[in-house]
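Below: the structure, in structure tokens.
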Amino acid sequence: MVREAGYEEVRKNKDNVLIDVRSEAEYAESHIPGAVNLPIFNDEERAQVGTVYKQVGQDQARELGLRIASGKLPDLIRSIQQAAGDKQPVVYCWRGGMRSKSVAAVLDLMGLPAVRLEGGYRAYREYVKERIDNIQLHVPCVVIHGMTGVGKTELLKRLEADGEPVVDLEGLAGHKGSAFGSIGEAPRNQRMFESLLLERLDELADSRYIIIEAESKRIGRVNLPDWLLQAKENGLHILLEAPTLIRVKRTLAQYVVDDPEFKDKITGAMSAIEKKLTPEDRAVGWSAIEHNRYEELVAMLLVKYYDPRYRHSMEQYDAEFITLDAEDLDVCKEAVKKAIRERLLRFLVEN
């Protein structure tokens with residue numbers, strides 16, 4: 001008899017391996033972080049079964065599904081064994097239906113202990129939404145500010161590598177948070193973002209603070225929860241500064257990627273913001289794109305487009321800022337740690 005378990009039970013057992021038997025497209029859209037995708041139907045086969053279900057009926061769709069799956073099950077079971085190793089596979093599909101039932105039943109028949117995730121991905125999604133909507137953050141946020149290109153993202157990576165409790169919101173969203181932010185990234189949807197955010201917060205449950213970048217409500221395709229925006233407003237604020245030439249260099253390193261569609265993407269992003277530029281700045285931008293002069297394009301956009309918007313956003317804060325030089329990011333990293341050590345206790349007392 002195959003045992004069912006809810007996600008809360010599954011997540012607490014580190015000897016479990018989640019096996020997502022949905023199609024590749026379903027998995028790509030959103031999945032439980034860490035799950036291995038071993039589909040019982042590929043995208044085309046799933047569409048075929050769905051069409052039969054709608055046009056003919058449930059029994060015929062089930063028959064077609066069994067016919068497709070039967071030839072795949074031996075290889076699929078071997079793949080699951082390989083993925084699980086000496087751990088226990090926990091199988092799930094969309095809502096704990098026929099796909100996960102079939103795979104778990106075969107595993108059971110072969111004497112391989114398996115668990116089926118109760119309610120499938122849909123129940124997991126309800127679990128995530130319930131928790132995300134009701135989180136109460138009981139630790140302060142250390143909020144990293146700075147103009148575009150100052151090195152905030154790179155600084156966060158270095159802090160995280162040192163074991164600091166960083167929540168990289170842009171990394172979780174798969175977007176750099178600007179009009180050009182999807183370039184070189186794979187933007188995630190709200191469901192996947194919330195899953196990754198919750199997972200990261202659970203990892204940092206014992207931290208005395210978390211470090212985030214000062215983001216707006218929307219990053220690419222996702223919206224930040226209101227409780228996180230409030231925590232950002234009430235956080236300990238650190239402002240990074242660096243010369244424009246360094247900011248241009250860092251922006252180029254972050255955005256100019258080896259992508260055959262790079263120029264098309266730059267052109268599309270430029271088209272989206274060109275009305276917010278003066279005619280002179282538009283001319284400079286389009287000429288720079290046409291002749292691949294990306295350093296010139298970045299310099300113009302930083303000074304004429306991003307910096308004024310950043311200054312305006314900074315005026316909305318009624319808070320004290322700790323200003324740090326970010327010309328050398330390794331030196332800046334240590335200065336951030338020092339500022340947190342020296343100021344966090346005072347900040348907690350005052351707030």
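Residue numbers start at 1 in each chain; chains themselves are named A, B, ... in the order of the structure tokens; ligands are numbered from 1 in the order shown.
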Enumerate as a tab-separated table (two decimals) with N, CA and C atoms, in the first residue's frame all residues of stretch 120-348 of chain A assigned to helix (DSSP H, G or I) by DSSP on the backbone, naming them with the chain letters and numbers the document uses.
chain	number	residue	atom	x	y	z
A	120	GLY	N	-0.62	16.53	-4.49
A	120	GLY	CA	0.27	16.91	-5.58
A	120	GLY	C	0.76	18.35	-5.50
A	121	TYR	N	1.19	18.86	-6.66
A	121	TYR	CA	1.74	20.21	-6.70
A	121	TYR	C	0.70	21.24	-6.29
A	122	ARG	N	-0.55	21.00	-6.59
A	122	ARG	CA	-1.60	21.98	-6.27
A	122	ARG	C	-1.69	22.18	-4.75
A	123	ALA	N	-1.62	21.11	-3.99
A	123	ALA	CA	-1.66	21.23	-2.53
A	123	ALA	C	-0.40	21.95	-2.02
A	124	TYR	N	0.75	21.63	-2.62
A	124	TYR	CA	1.98	22.32	-2.25
A	124	TYR	C	1.85	23.82	-2.50
A	125	ARG	N	1.28	24.19	-3.64
A	125	ARG	CA	1.11	25.60	-3.96
A	125	ARG	C	0.21	26.30	-2.94
A	126	GLU	N	-0.84	25.64	-2.49
A	126	GLU	CA	-1.71	26.21	-1.47
A	126	GLU	C	-0.95	26.40	-0.15
A	127	TYR	N	-0.07	25.44	0.15
A	127	TYR	CA	0.78	25.53	1.34
A	127	TYR	C	1.69	26.76	1.26
A	128	VAL	N	2.32	26.95	0.11
A	128	VAL	CA	3.22	28.10	-0.07
A	128	VAL	C	2.45	29.41	0.05
A	129	LYS	N	1.32	29.49	-0.63
A	129	LYS	CA	0.53	30.73	-0.62
A	129	LYS	C	0.08	31.08	0.80
A	130	GLU	N	-0.37	30.09	1.53
A	130	GLU	CA	-0.82	30.32	2.91
A	130	GLU	C	0.32	30.87	3.76
A	131	ARG	N	1.49	30.29	3.63
A	131	ARG	CA	2.62	30.74	4.46
A	131	ARG	C	3.14	32.10	4.01
A	132	ILE	N	3.26	32.31	2.70
A	132	ILE	CA	3.77	33.58	2.18
A	132	ILE	C	2.86	34.73	2.60
A	133	ASP	N	1.57	34.50	2.53
A	133	ASP	CA	0.60	35.56	2.86
A	133	ASP	C	0.59	35.90	4.34
A	152	LYS	N	25.76	46.27	-6.26
A	152	LYS	CA	24.93	45.68	-5.20
A	152	LYS	C	24.81	44.17	-5.34
A	153	THR	N	24.52	43.71	-6.56
A	153	THR	CA	24.33	42.26	-6.77
A	153	THR	C	25.61	41.49	-6.50
A	154	GLU	N	26.73	42.00	-6.99
A	154	GLU	CA	28.01	41.33	-6.76
A	154	GLU	C	28.37	41.34	-5.29
A	155	LEU	N	28.07	42.43	-4.60
A	155	LEU	CA	28.33	42.49	-3.17
A	155	LEU	C	27.51	41.44	-2.42
A	156	LEU	N	26.24	41.31	-2.78
A	156	LEU	CA	25.40	40.30	-2.13
A	156	LEU	C	25.96	38.90	-2.33
A	157	LYS	N	26.45	38.62	-3.53
A	157	LYS	CA	27.03	37.30	-3.80
A	157	LYS	C	28.24	37.05	-2.91
A	158	ARG	N	29.08	38.08	-2.74
A	158	ARG	CA	30.27	37.91	-1.91
A	158	ARG	C	29.91	37.75	-0.43
A	159	LEU	N	28.90	38.50	0.00
A	159	LEU	CA	28.44	38.35	1.38
A	159	LEU	C	27.86	36.96	1.62
A	160	GLU	N	27.07	36.47	0.66
A	160	GLU	CA	26.47	35.14	0.80
A	160	GLU	C	27.55	34.07	0.82
A	161	ALA	N	28.58	34.24	-0.02
A	161	ALA	CA	29.67	33.27	-0.05
A	161	ALA	C	30.40	33.21	1.30
A	169	LEU	N	16.84	38.77	-3.96
A	169	LEU	CA	15.51	38.86	-4.57
A	169	LEU	C	15.57	38.84	-6.08
A	170	GLU	N	16.55	39.53	-6.67
A	170	GLU	CA	16.68	39.51	-8.13
A	170	GLU	C	17.06	38.12	-8.62
A	171	GLY	N	17.92	37.44	-7.88
A	171	GLY	CA	18.27	36.07	-8.25
A	171	GLY	C	17.07	35.14	-8.20
A	172	LEU	N	16.25	35.29	-7.16
A	172	LEU	CA	15.05	34.46	-7.04
A	172	LEU	C	14.05	34.76	-8.14
A	173	ALA	N	13.97	36.05	-8.54
A	173	ALA	CA	13.03	36.46	-9.59
A	173	ALA	C	13.55	36.16	-10.99
A	190	GLN	N	5.40	34.22	-10.64
A	190	GLN	CA	5.12	34.47	-9.23
A	190	GLN	C	5.17	33.20	-8.41
A	191	ARG	N	4.64	32.11	-8.95
A	191	ARG	CA	4.60	30.87	-8.19
A	191	ARG	C	5.99	30.35	-7.86
A	192	MET	N	6.86	30.36	-8.87
A	192	MET	CA	8.21	29.85	-8.64
A	192	MET	C	8.99	30.77	-7.71
A	193	PHE	N	8.80	32.07	-7.88
A	193	PHE	CA	9.47	33.05	-7.01
A	193	PHE	C	9.07	32.84	-5.56
A	194	GLU	N	7.78	32.68	-5.30
A	194	GLU	CA	7.33	32.52	-3.93
A	194	GLU	C	7.85	31.22	-3.31
A	195	SER	N	7.93	30.17	-4.12
A	195	SER	CA	8.48	28.90	-3.61
A	195	SER	C	9.94	29.08	-3.19
A	196	LEU	N	10.72	29.74	-4.03
A	196	LEU	CA	12.14	29.94	-3.75
A	196	LEU	C	12.34	30.90	-2.59
A	197	LEU	N	11.50	31.94	-2.51
A	197	LEU	CA	11.60	32.88	-1.41
A	197	LEU	C	11.32	32.19	-0.08
A	198	LEU	N	10.26	31.40	-0.04
A	198	LEU	CA	9.92	30.69	1.19
A	198	LEU	C	11.02	29.71	1.59
A	199	GLU	N	11.55	29.01	0.61
A	199	GLU	CA	12.64	28.06	0.89
A	199	GLU	C	13.84	28.78	1.50
A	200	ARG	N	14.19	29.94	0.93
A	200	ARG	CA	15.35	30.69	1.44
A	200	ARG	C	15.09	31.23	2.84
A	201	LEU	N	13.89	31.73	3.09
A	201	LEU	CA	13.57	32.23	4.42
A	201	LEU	C	13.61	31.10	5.45
A	202	ASP	N	13.16	29.91	5.06
A	202	ASP	CA	13.24	28.76	5.97
A	202	ASP	C	14.70	28.41	6.27
A	203	GLU	N	15.57	28.53	5.26
A	203	GLU	CA	16.99	28.27	5.47
A	203	GLU	C	17.60	29.25	6.46
A	226	ASP	N	3.83	42.39	0.57
A	226	ASP	CA	3.77	43.66	1.29
A	226	ASP	C	4.59	43.63	2.57
A	227	TRP	N	4.60	42.48	3.27
A	227	TRP	CA	5.35	42.42	4.53
A	227	TRP	C	6.85	42.61	4.30
A	228	LEU	N	7.34	42.18	3.14
A	228	LEU	CA	8.76	42.36	2.84
A	228	LEU	C	9.06	43.82	2.49
A	229	LEU	N	8.16	44.45	1.76
A	229	LEU	CA	8.33	45.88	1.45
A	229	LEU	C	8.32	46.72	2.73
A	230	GLN	N	7.44	46.35	3.67
A	230	GLN	CA	7.38	47.06	4.94
A	230	GLN	C	8.67	46.86	5.74
A	231	ALA	N	9.16	45.63	5.74
A	231	ALA	CA	10.42	45.34	6.45
A	231	ALA	C	11.57	46.11	5.81
A	232	LYS	N	11.54	46.24	4.49
A	232	LYS	CA	12.57	47.02	3.80
A	232	LYS	C	12.52	48.48	4.26
A	233	GLU	N	11.32	49.06	4.31
A	233	GLU	CA	11.18	50.46	4.73
A	233	GLU	C	11.72	50.67	6.14
A	244	THR	N	31.26	56.95	-11.58
A	244	THR	CA	30.47	56.58	-12.76
A	244	THR	C	31.23	55.62	-13.66
A	245	LEU	N	32.52	55.83	-13.85
A	245	LEU	CA	33.28	54.95	-14.75
A	245	LEU	C	33.28	53.51	-14.26
A	246	ILE	N	33.37	53.32	-12.97
A	246	ILE	CA	33.32	51.97	-12.41
A	246	ILE	C	31.92	51.39	-12.57
A	247	ARG	N	30.91	52.20	-12.37
A	247	ARG	CA	29.53	51.74	-12.53
A	247	ARG	C	29.26	51.32	-13.97
A	248	VAL	N	29.82	52.06	-14.93
A	248	VAL	CA	29.66	51.68	-16.34
A	248	VAL	C	30.31	50.32	-16.59
A	249	LYS	N	31.52	50.15	-16.08
A	249	LYS	CA	32.25	48.89	-16.28
A	249	LYS	C	31.49	47.72	-15.67
A	250	ARG	N	30.97	47.90	-14.47
A	250	ARG	CA	30.25	46.81	-13.81
A	250	ARG	C	28.93	46.50	-14.51
A	251	THR	N	28.28	47.52	-15.00
A	251	THR	CA	27.02	47.30	-15.72
A	251	THR	C	27.28	46.53	-17.00
A	252	LEU	N	28.33	46.88	-17.72
A	252	LEU	CA	28.68	46.15	-18.94
A	252	LEU	C	28.96	44.68	-18.63
A	253	ALA	N	29.69	44.44	-17.56
A	253	ALA	CA	30.02	43.06	-17.19
A	253	ALA	C	28.77	42.26	-16.84
A	254	GLN	N	27.77	42.93	-16.30
A	254	GLN	CA	26.55	42.24	-15.87
A	254	GLN	C	25.57	42.03	-17.01
A	255	TYR	N	25.52	42.97	-17.95
A	255	TYR	CA	24.46	42.94	-18.96
A	255	TYR	C	24.91	42.44	-20.33
A	262	PHE	N	21.11	39.10	-28.39
A	262	PHE	CA	21.42	40.19	-27.48
A	262	PHE	C	21.02	41.55	-28.04
A	263	LYS	N	21.39	41.81	-29.28
A	263	LYS	CA	21.10	43.13	-29.86
A	263	LYS	C	19.60	43.36	-29.99
A	264	ASP	N	18.86	42.31	-30.35
A	264	ASP	CA	17.40	42.44	-30.44
A	264	ASP	C	16.79	42.75	-29.08
A	265	LYS	N	17.33	42.13	-28.04
A	265	LYS	CA	16.81	42.37	-26.69
A	265	LYS	C	17.13	43.79	-26.22
A	266	ILE	N	18.34	44.25	-26.53
A	266	ILE	CA	18.70	45.63	-26.19
A	266	ILE	C	17.78	46.60	-26.91
A	267	THR	N	17.54	46.31	-28.19
A	267	THR	CA	16.67	47.18	-28.99
A	267	THR	C	15.25	47.22	-28.42
A	268	GLY	N	14.73	46.05	-28.02
A	268	GLY	CA	13.40	46.00	-27.44
A	268	GLY	C	13.30	46.78	-26.14
A	269	ALA	N	14.32	46.65	-25.28
A	269	ALA	CA	14.31	47.36	-24.00
A	269	ALA	C	14.43	48.86	-24.22
A	270	MET	N	15.26	49.25	-25.19
A	270	MET	CA	15.42	50.67	-25.50
A	270	MET	C	14.11	51.26	-26.02
A	271	SER	N	13.40	50.50	-26.84
A	271	SER	CA	12.11	50.96	-27.37
A	271	SER	C	11.10	51.20	-26.25
A	272	ALA	N	11.19	50.39	-25.19
A	272	ALA	CA	10.23	50.49	-24.09
A	272	ALA	C	10.42	51.76	-23.27
A	273	ILE	N	11.64	52.32	-23.27
A	273	ILE	CA	11.89	53.49	-22.42
A	273	ILE	C	12.20	54.76	-23.20
A	274	GLU	N	12.28	54.67	-24.54
A	274	GLU	CA	12.79	55.82	-25.30
A	274	GLU	C	11.95	57.08	-25.13
A	275	LYS	N	10.65	56.94	-24.87
A	275	LYS	CA	9.81	58.12	-24.70
A	275	LYS	C	10.15	58.88	-23.42
A	276	LYS	N	10.85	58.24	-22.53
A	276	LYS	CA	11.24	58.90	-21.27
A	276	LYS	C	12.59	59.59	-21.39
A	279	PRO	N	15.04	63.88	-26.92
A	279	PRO	CA	15.40	63.54	-28.31
A	279	PRO	C	16.91	63.37	-28.50
A	280	GLU	N	17.69	64.20	-27.82
A	280	GLU	CA	19.14	64.11	-27.94
A	280	GLU	C	19.66	62.79	-27.37
A	281	ASP	N	19.14	62.42	-26.19
A	281	ASP	CA	19.58	61.18	-25.56
A	281	ASP	C	19.12	59.95	-26.35
A	282	ARG	N	17.92	60.03	-26.92
A	282	ARG	CA	17.45	58.93	-27.78
A	282	ARG	C	18.39	58.74	-28.95
A	283	ALA	N	18.81	59.85	-29.57
A	283	ALA	CA	19.71	59.77	-30.73
A	283	ALA	C	21.04	59.11	-30.33
A	284	VAL	N	21.55	59.51	-29.16
A	284	VAL	CA	22.81	58.91	-28.68
A	284	VAL	C	22.62	57.41	-28.46
A	285	GLY	N	21.51	57.04	-27.83
A	285	GLY	CA	21.26	55.64	-27.52
A	285	GLY	C	21.12	54.78	-28.76
A	286	TRP	N	20.32	55.22	-29.72
A	286	TRP	CA	20.12	54.42	-30.91
A	286	TRP	C	21.38	54.32	-31.76
A	287	SER	N	22.14	55.39	-31.81
A	287	SER	CA	23.41	55.34	-32.55
A	287	SER	C	24.38	54.37	-31.88
A	288	ALA	N	24.43	54.40	-30.57
A	288	ALA	CA	25.32	53.49	-29.84
A	288	ALA	C	24.93	52.03	-30.08
A	289	ILE	N	23.63	51.74	-30.08
A	289	ILE	CA	23.18	50.37	-30.34
A	289	ILE	C	23.53	49.95	-31.76
A	290	GLU	N	23.26	50.83	-32.71
A	290	GLU	CA	23.52	50.50	-34.12
A	290	GLU	C	24.98	50.15	-34.36
A	294	TYR	N	28.40	49.85	-26.71
A	294	TYR	CA	27.59	49.63	-25.53
A	294	TYR	C	28.08	50.41	-24.32
A	295	GLU	N	29.37	50.70	-24.26
A	295	GLU	CA	29.87	51.52	-23.17
A	295	GLU	C	29.24	52.92	-23.22
A	296	GLU	N	29.14	53.45	-24.42
A	296	GLU	CA	28.51	54.77	-24.61
A	296	GLU	C	27.02	54.71	-24.24
A	297	LEU	N	26.35	53.63	-24.63
A	297	LEU	CA	24.93	53.46	-24.32
A	297	LEU	C	24.73	53.40	-22.80
A	298	VAL	N	25.55	52.59	-22.12
A	298	VAL	CA	25.40	52.44	-20.68
A	298	VAL	C	25.65	53.76	-19.96
A	299	ALA	N	26.70	54.47	-20.37
A	299	ALA	CA	27.01	55.75	-19.72
A	299	ALA	C	25.85	56.73	-19.85
A	300	MET	N	25.25	56.80	-21.04
A	300	MET	CA	24.11	57.70	-21.24
A	300	MET	C	22.93	57.28	-20.38
A	301	LEU	N	22.61	55.98	-20.37
A	301	LEU	CA	21.45	55.51	-19.62
A	301	LEU	C	21.63	55.71	-18.11
A	302	LEU	N	22.83	55.47	-17.60
A	302	LEU	CA	23.06	55.67	-16.17
A	302	LEU	C	22.83	57.13	-15.79
A	303	VAL	N	23.48	58.04	-16.50
A	303	VAL	CA	23.45	59.46	-16.13
A	303	VAL	C	22.10	60.10	-16.43
A	304	LYS	N	21.52	59.76	-17.56
A	304	LYS	CA	20.32	60.48	-18.02
A	304	LYS	C	19.01	59.78	-17.66
A	305	TYR	N	19.03	58.48	-17.45
A	305	TYR	CA	17.78	57.76	-17.20
A	305	TYR	C	17.72	57.20	-15.78
A	306	TYR	N	18.68	56.36	-15.41
A	306	TYR	CA	18.59	55.65	-14.13
A	306	TYR	C	18.91	56.53	-12.93
A	307	ASP	N	19.95	57.36	-13.02
A	307	ASP	CA	20.34	58.15	-11.84
A	307	ASP	C	19.24	59.11	-11.38
A	308	PRO	N	18.59	59.84	-12.27
A	308	PRO	CA	17.50	60.72	-11.80
A	308	PRO	C	16.37	59.94	-11.12
A	309	ARG	N	16.03	58.78	-11.65
A	309	ARG	CA	14.97	57.97	-11.04
A	309	ARG	C	15.40	57.43	-9.68
A	310	TYR	N	16.67	57.11	-9.57
A	310	TYR	CA	17.16	56.61	-8.30
A	310	TYR	C	17.14	57.71	-7.24
A	311	ARG	N	17.57	58.89	-7.63
A	311	ARG	CA	17.56	60.00	-6.66
A	311	ARG	C	16.14	60.27	-6.18
A	312	HIS	N	15.18	60.18	-7.09
A	312	HIS	CA	13.79	60.40	-6.71
A	312	HIS	C	13.32	59.33	-5.71
A	313	SER	N	13.68	58.08	-5.96
A	313	SER	CA	13.26	57.01	-5.05
A	313	SER	C	13.90	57.17	-3.67
A	314	MET	N	15.14	57.66	-3.64
A	314	MET	CA	15.82	57.85	-2.36
A	314	MET	C	15.15	58.93	-1.53
A	329	LEU	N	35.03	46.16	-3.97
A	329	LEU	CA	33.92	45.42	-3.37
A	329	LEU	C	34.34	44.51	-2.23
A	330	ASP	N	35.58	44.04	-2.24
A	330	ASP	CA	36.05	43.23	-1.12
A	330	ASP	C	36.19	44.07	0.14
A	331	VAL	N	36.73	45.28	-0.01
A	331	VAL	CA	36.83	46.20	1.12
A	331	VAL	C	35.42	46.59	1.58
A	332	CYS	N	34.55	46.84	0.62
A	332	CYS	CA	33.16	47.22	0.92
A	332	CYS	C	32.44	46.10	1.67
A	333	LYS	N	32.68	44.87	1.27
A	333	LYS	CA	32.05	43.72	1.93
A	333	LYS	C	32.38	43.71	3.41
A	334	GLU	N	33.66	43.91	3.74
A	334	GLU	CA	34.06	43.91	5.15
A	334	GLU	C	33.47	45.11	5.88
A	335	ALA	N	33.35	46.24	5.18
A	335	ALA	CA	32.75	47.42	5.80
A	335	ALA	C	31.28	47.20	6.10
A	336	VAL	N	30.58	46.47	5.23
A	336	VAL	CA	29.18	46.14	5.48
A	336	VAL	C	29.07	45.26	6.72
A	337	LYS	N	29.90	44.24	6.81
A	337	LYS	CA	29.88	43.36	7.99
A	337	LYS	C	30.14	44.17	9.27
A	338	LYS	N	31.10	45.08	9.21
A	338	LYS	CA	31.45	45.90	10.37
A	338	LYS	C	30.28	46.79	10.76
A	339	ALA	N	29.64	47.38	9.75
A	339	ALA	CA	28.49	48.26	10.01
A	339	ALA	C	27.36	47.48	10.66
A	340	ILE	N	27.15	46.26	10.20
A	340	ILE	CA	26.08	45.43	10.80
A	340	ILE	C	26.41	45.12	12.25
A	341	ARG	N	27.66	44.72	12.51
A	341	ARG	CA	28.06	44.39	13.88
A	341	ARG	C	27.90	45.60	14.82
A	342	GLU	N	28.32	46.75	14.34
A	342	GLU	CA	28.35	47.93	15.19
A	342	GLU	C	26.99	48.59	15.35
A	343	ARG	N	26.15	48.48	14.33
A	343	ARG	CA	24.92	49.26	14.33
A	343	ARG	C	23.65	48.45	14.60
A	344	LEU	N	23.73	47.14	14.43
A	344	LEU	CA	22.51	46.35	14.52
A	344	LEU	C	21.88	46.38	15.91
A	345	LEU	N	22.70	46.25	16.95
A	345	LEU	CA	22.15	46.26	18.30
A	345	LEU	C	21.48	47.60	18.59
A	346	ARG	N	22.14	48.68	18.21
A	346	ARG	CA	21.56	50.01	18.43
A	346	ARG	C	20.29	50.18	17.64
A	347	PHE	N	20.31	49.65	16.41
A	347	PHE	CA	19.12	49.73	15.55
A	347	PHE	C	17.94	48.99	16.18
A	348	LEU	N	18.18	47.80	16.73
A	348	LEU	CA	17.13	47.01	17.36
A	348	LEU	C	16.56	47.73	18.58
A:Leu107 surroundings by only C-alpha atoms, 10 Å radius, close-in-sequence under 4 positions cut, as a VMD selection string:
chain A and resid 2 73 77 to 78 80 to 81 89 101 to 103 111 to 115
Enumerate, as a ChimeraX atom specification, the complete set of residues in stretch 90-192 of chain A that a backbone-based DSSP assignment places in strand (DSSP E or B).
/A:90-92,115-117,141-146,166
Restricting the output to N, CA and C atoms, write the selected residues as a PDB file, in the first residue's frame.
ATOM      1  N   VAL A  90       9.674  10.596  -3.229  1.00  0.00           N
ATOM      2  CA  VAL A  90       8.326  11.117  -2.974  1.00  0.00           C
ATOM      3  C   VAL A  90       7.794  11.611  -4.310  1.00  0.00           C
ATOM      4  N   VAL A  91       6.789  10.923  -4.832  1.00  0.00           N
ATOM      5  CA  VAL A  91       6.306  11.165  -6.191  1.00  0.00           C
ATOM      6  C   VAL A  91       5.130  12.128  -6.160  1.00  0.00           C
ATOM      7  N   TYR A  92       5.141  13.074  -7.096  1.00  0.00           N
ATOM      8  CA  TYR A  92       3.970  13.953  -7.197  1.00  0.00           C
ATOM      9  C   TYR A  92       3.698  14.328  -8.646  1.00  0.00           C
ATOM     10  N   VAL A 115       6.643   7.202  -1.436  1.00  0.00           N
ATOM     11  CA  VAL A 115       5.581   8.014  -0.844  1.00  0.00           C
ATOM     12  C   VAL A 115       4.980   8.861  -1.954  1.00  0.00           C
ATOM     13  N   ARG A 116       3.664   9.055  -1.894  1.00  0.00           N
ATOM     14  CA  ARG A 116       3.005   9.935  -2.855  1.00  0.00           C
ATOM     15  C   ARG A 116       2.625  11.221  -2.132  1.00  0.00           C
ATOM     16  N   LEU A 117       2.982  12.349  -2.727  1.00  0.00           N
ATOM     17  CA  LEU A 117       2.675  13.637  -2.113  1.00  0.00           C
ATOM     18  C   LEU A 117       1.176  13.895  -2.162  1.00  0.00           C
ATOM     19  N   CYS A 141      15.759  43.785   8.494  1.00  0.00           N
ATOM     20  CA  CYS A 141      16.394  43.710   7.179  1.00  0.00           C
ATOM     21  C   CYS A 141      17.546  44.708   7.118  1.00  0.00           C
ATOM     22  N   VAL A 142      18.679  44.245   6.640  1.00  0.00           N
ATOM     23  CA  VAL A 142      19.769  45.151   6.273  1.00  0.00           C
ATOM     24  C   VAL A 142      19.599  45.393   4.777  1.00  0.00           C
ATOM     25  N   VAL A 143      19.351  46.645   4.407  1.00  0.00           N
ATOM     26  CA  VAL A 143      18.940  46.972   3.041  1.00  0.00           C
ATOM     27  C   VAL A 143      20.088  47.673   2.309  1.00  0.00           C
ATOM     28  N   ILE A 144      20.513  47.077   1.205  1.00  0.00           N
ATOM     29  CA  ILE A 144      21.627  47.618   0.425  1.00  0.00           C
ATOM     30  C   ILE A 144      21.082  48.498  -0.696  1.00  0.00           C
ATOM     31  N   HIS A 145      21.438  49.784  -0.664  1.00  0.00           N
ATOM     32  CA  HIS A 145      21.036  50.754  -1.676  1.00  0.00           C
ATOM     33  C   HIS A 145      22.235  51.125  -2.536  1.00  0.00           C
ATOM     34  N   GLY A 146      21.969  51.756  -3.652  1.00  0.00           N
ATOM     35  CA  GLY A 146      23.038  52.273  -4.505  1.00  0.00           C
ATOM     36  C   GLY A 146      22.566  52.432  -5.929  1.00  0.00           C
ATOM     37  N   VAL A 166      21.871  36.323   3.236  1.00  0.00           N
ATOM     38  CA  VAL A 166      21.432  37.125   2.089  1.00  0.00           C
ATOM     39  C   VAL A 166      20.196  36.500   1.450  1.00  0.00           C
TER      40      VAL A 166
END
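Using only C-alpha atoms for every distance, the candidate list A:Val10, A:Cys93, A:Val139, A:Met1 yields A:Met1 as the residue closest to A:Ala105.
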Nearest to A:Arg95, restricted to only C-alpha atoms and choosing among A:Arg22, A:Thr148, A:Asp162, A:Ala205, comes out as A:Arg22
Distance criterion (only C-alpha atoms): nearest to A:Ala5 out of A:Lys87, A:Gly119, A:Asn223, A:Asn292
A:Gly119
Give the answer as one residue: which of A:Val150, A:Ala214, A:Val49, A:Val167 has the shortest atom-to-atom distance to A:Glu327, using only C-alpha atoms?
A:Val150
What is the atom CA of A:Ala28-atom CA of A:Asp59 distance in Å, reported with one decimal?
28.5 Å
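Atom CA of A:Glu241 sits 7.4 Å away from atom CA of A:Met147.
With only C-alpha atoms as the basis for measurement, A:Gly151 is the residue among A:Gly174, A:Pro187, A:Pro165, A:Gly151 that approaches A:Asp328 most closely.
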